[in-house]
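Student: Take a look at the following structure, please.
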Amino acid sequence: MSIDKLLNLNLLSIEIFCQVYLKHTVIDVANHLELSQPKVSRELNSLRKAFSDPLFIRQNNRLEATEFAHNLYPKLQEMLQASAEAQKHLLNIRHRREPSFTIATVPQLEINLPQTILKAAQRSNTKIDVTLCPWTKSSIEQFQSEELDAAIAFEPADRKGILSKPIIQHRGGHLIAREGHPIWQNPVIDEMINYPIVKLITMPFPANKSPLMNYAKTQGKKLEVFATVSDLGSAANTLLNSNAIIIVGVRAAVNFLQNIKGIHAEILDYQQDKDILKNFSYPTTYLWLKHNHEGQVTAPPWLQQALEKFITEAHK
């Protein structure tokens with residue numbers, strides 16, 4: 001057997017071969033490795049071409065190894081074990097350094113998040129590095145590629161291998177605009193829809209819709225979006241320099257904005273809030289965490305607890 005053929009194999013194809021050898025069915029291998037059946041079949045066909053051998057022959061609904069596959073298995077299993085040992089060695093090196101956690105979050109819940117995590121780590125006698133990045137639709141893929149350790153989002157993660165835990169529902173929106181804005185003369189919904197709105201890039205409603213825009217539509221008006229911004233700082237700057245308004249439901253984000261000189265915030269009264277949210281459910285904030293094949297969360301307990309507490313307190 002040519003050594004070149006072995007060296008040109010990727011780890012996934014090697015693992016698929018070994019798992020088919022042990023489990024005898026594509027569907028069992030796909031479930032075990034959390035891959036699609038077509039993906040497993042494609043990798044298996046690539047191996048057959050690489051070695052010019054069928055490798056596995058279907059007999060009584062089982063894939064039975066050929067003589068060539070029997071001889072090949074010990075070599076590939078040894079390569080897998082060597083890879084696992086190398087990864088273990090790298091992990092040990094990383095653990096000797098300060099571990100790093102990367103967390104994706106929506107802009108409404110980014111204020112003081114790194115400081116909160118670092119303090120929780122300190123209480124657990126753990127030294128860490130923390131990196132924040134924006135939550136986006138592609139964050140779910142970043143979990144699969146090991147780029148993220150946790151995420152805070154306004155929607156559940158519909159993907160195997162990710163726990164998306166509902167933490168809290170938003171209760172009560174706040175109207176925010178610059179001081180001296182004419183809306184403060186009569187801050188009711190029917191007046192709000194006469195002014196353009198600022199939207200944060202991630203809204204806590206399905207399809208990123210604005211309930212205020214929906215309300216305006218029921219009144220026969222088209223509400224203008226003055227700007228869609230990526231963070232609270234950009235939102236503040238836009239509000240200060242325009243007649244735009246914004247409605248925010250996360251109390252920590254409200255506090256950040258109203259503490260900026262020139263910006264004013266008021267909580268909507270119950271009926272106004274209810275009218276704006278007509279046909280919308282109260283939005284929920286979710287914590288995403290990766291879990292392993294056994295269903296165990298891979299993040300350390302102190303990190304999960306710190307994130308849950310942070311989300312809850314940010315809404316108070």
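Chain lettering (A, B, ...) mirrors the order of the structure tokens, residue numbering begins at 1 for each chain separately, and ligand numbering begins at 1 in order of display.
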Give me, as a VMD selection string, all polymer residues having an atom no more than 7 Å from Ile167 (chain A), counting only C-alpha atoms and skipping those fewer than 3 positions away in the same chain.

Tutor: chain A and resid 285 to 287 308 312

Student: May I have the residues from that selection written out with N, CA and C atoms, as a short mmCIF file (atom, residue, chain, number, x, y, z; two decimals), in the first residue's frame?

Tutor:
```cif
data_model
loop_
_atom_site.label_atom_id
_atom_site.label_comp_id
_atom_site.auth_asym_id
_atom_site.auth_seq_id
_atom_site.Cartn_x
_atom_site.Cartn_y
_atom_site.Cartn_z
N THR A 285 -34.97 36.32 25.42
CA THR A 285 -33.52 36.28 25.25
C THR A 285 -33.03 34.86 25.56
N TYR A 286 -32.21 34.32 24.66
CA TYR A 286 -31.71 32.95 24.77
C TYR A 286 -30.20 32.95 24.99
N LEU A 287 -29.73 31.98 25.75
CA LEU A 287 -28.31 31.72 25.89
C LEU A 287 -27.99 30.45 25.13
N GLU A 308 -26.04 33.62 32.51
CA GLU A 308 -27.46 33.63 32.84
C GLU A 308 -27.80 34.78 33.78
N THR A 312 -30.25 38.12 32.98
CA THR A 312 -31.39 38.43 33.85
C THR A 312 -31.28 39.84 34.42
#
```

Student: From a DSSP pass on the backbone, collect the residues of region 88-303 of chain A flagged as alpha helix (DSSP H) and hand them back as JSON, numbers by chain.

Tutor: {"A": [88, 89, 90, 91, 92, 93, 94, 95, 96, 113, 114, 115, 116, 117, 118, 119, 120, 121, 122, 123, 139, 140, 141, 142, 143, 144, 189, 190, 191, 192, 211, 212, 213, 214, 215, 216, 217, 218, 232, 233, 234, 235, 236, 237, 238, 239, 240, 251, 252, 253, 254, 255, 256, 257, 258, 270, 271, 272, 273, 274, 275, 276, 301, 302, 303]}

Student: Limited to C-alpha atoms, could you put the picked residues into a file as a short mmCIF file (atom, residue, chain, number, x, y, z; two decimals), in the first residue's frame?

Tutor:
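Once written, again-v5.cif looks like this:
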```
data_model
loop_
_atom_site.label_atom_id
_atom_site.label_comp_id
_atom_site.auth_asym_id
_atom_site.auth_seq_id
_atom_site.Cartn_x
_atom_site.Cartn_y
_atom_site.Cartn_z
CA LYS A 88 -4.72 16.35 23.69
CA HIS A 89 -1.18 17.71 23.78
CA LEU A 90 -2.30 20.99 22.22
CA LEU A 91 -5.14 21.26 24.72
CA ASN A 92 -2.69 20.77 27.57
CA ILE A 93 -0.56 23.57 26.17
CA ARG A 94 -3.62 25.82 25.90
CA HIS A 95 -4.66 25.00 29.45
CA ARG A 96 -1.24 25.98 30.68
CA LEU A 113 -20.41 41.76 29.46
CA PRO A 114 -16.61 41.23 29.32
CA GLN A 115 -16.15 42.76 32.77
CA THR A 116 -18.89 40.52 34.17
CA ILE A 117 -17.24 37.38 32.79
CA LEU A 118 -13.78 38.37 33.98
CA LYS A 119 -15.08 39.02 37.52
CA ALA A 120 -16.87 35.65 37.55
CA ALA A 121 -13.67 33.94 36.40
CA GLN A 122 -11.72 35.69 39.14
CA ARG A 123 -14.19 34.44 41.76
CA SER A 139 -23.16 32.52 14.55
CA ILE A 140 -24.77 29.09 14.45
CA GLU A 141 -22.13 27.99 11.93
CA GLN A 142 -19.38 29.43 14.13
CA PHE A 143 -20.48 27.04 16.87
CA GLN A 144 -20.01 24.11 14.52
CA ILE A 189 -47.89 55.73 19.62
CA ASP A 190 -49.95 57.76 17.16
CA GLU A 191 -47.37 60.55 17.47
CA MET A 192 -44.35 58.21 17.37
CA PRO A 211 -43.64 46.33 16.03
CA LEU A 212 -43.88 50.11 15.65
CA MET A 213 -43.56 49.79 11.87
CA ASN A 214 -46.26 47.14 11.94
CA TYR A 215 -48.52 49.44 13.98
CA ALA A 216 -47.94 52.31 11.53
CA LYS A 217 -48.97 50.03 8.67
CA THR A 218 -52.30 49.28 10.40
CA LEU A 232 -25.57 51.35 20.93
CA GLY A 233 -22.91 54.02 20.40
CA SER A 234 -23.98 54.46 16.78
CA ALA A 235 -27.63 54.54 17.87
CA ALA A 236 -26.89 57.33 20.37
CA ASN A 237 -25.02 59.40 17.80
CA THR A 238 -27.87 59.04 15.30
CA LEU A 239 -30.51 60.02 17.87
CA LEU A 240 -28.55 63.09 18.95
CA ARG A 251 -33.02 47.87 30.59
CA ALA A 252 -29.20 47.83 30.48
CA ALA A 253 -29.26 49.20 26.93
CA VAL A 254 -31.76 51.89 28.01
CA ASN A 255 -29.49 52.89 30.89
CA PHE A 256 -26.52 53.18 28.56
CA LEU A 257 -28.38 55.44 26.13
CA GLN A 258 -30.06 57.70 28.68
CA TYR A 270 -48.77 49.49 29.92
CA GLN A 271 -51.45 50.18 27.32
CA GLN A 272 -49.06 51.89 24.91
CA ASP A 273 -46.65 48.97 25.20
CA LYS A 274 -49.47 46.49 24.71
CA ASP A 275 -50.75 48.31 21.61
CA ILE A 276 -47.28 48.38 20.04
CA PRO A 301 -20.37 25.92 35.06
CA TRP A 302 -19.17 29.29 36.37
CA LEU A 303 -19.36 30.76 32.83
#
```

Student: Out of A:Ala104, A:Leu163, A:Leu268, A:Ile311, which residue has the shortest atom-to-atom distance to Gly295 (chain A) when counting only C-alpha atoms?

Tutor: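 Result for the nearest residue to Gly295 (chain A): A:Leu163.
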
Student: At a cut-off of 12 Å, using only C-alpha atoms, what residues contact Ile168 (chain A)? Leave out same-chain residues fewer than 2 positions from it and give the result as a ChimeraX atom specification.

Tutor: /A:152-155,165-166,170-171,249-250,282-287,308-316

Student: Leaving out Ile27 (chain A) and any residue of its chain fewer than 4 positions from it, which residues lie within 12 Å of it when counting only C-alpha atoms, given as number ranges by chain?

Tutor: A: 16, 19-20, 23, 31-41, 61-63

Student: Nearest residue to Asp53 (chain A) out of A:Lys75, A:Lys261, A:His70, A:His24, using only C-alpha atoms?

Tutor: A:His70

Student: Give me, please, the distance in Å between CA of Glu179 (chain A) and CA of Ala227 (chain A), quoted to one decimal.

Tutor: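 Separation between CA of Glu179 (chain A) and CA of Ala227 (chain A): 19.0 Å.
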
Student: Which is closest to Arg58 (chain A) among A:Pro196, A:Thr25, A:Lys209, A:Leu9, if we use only C-alpha atoms?

Tutor: A:Thr25
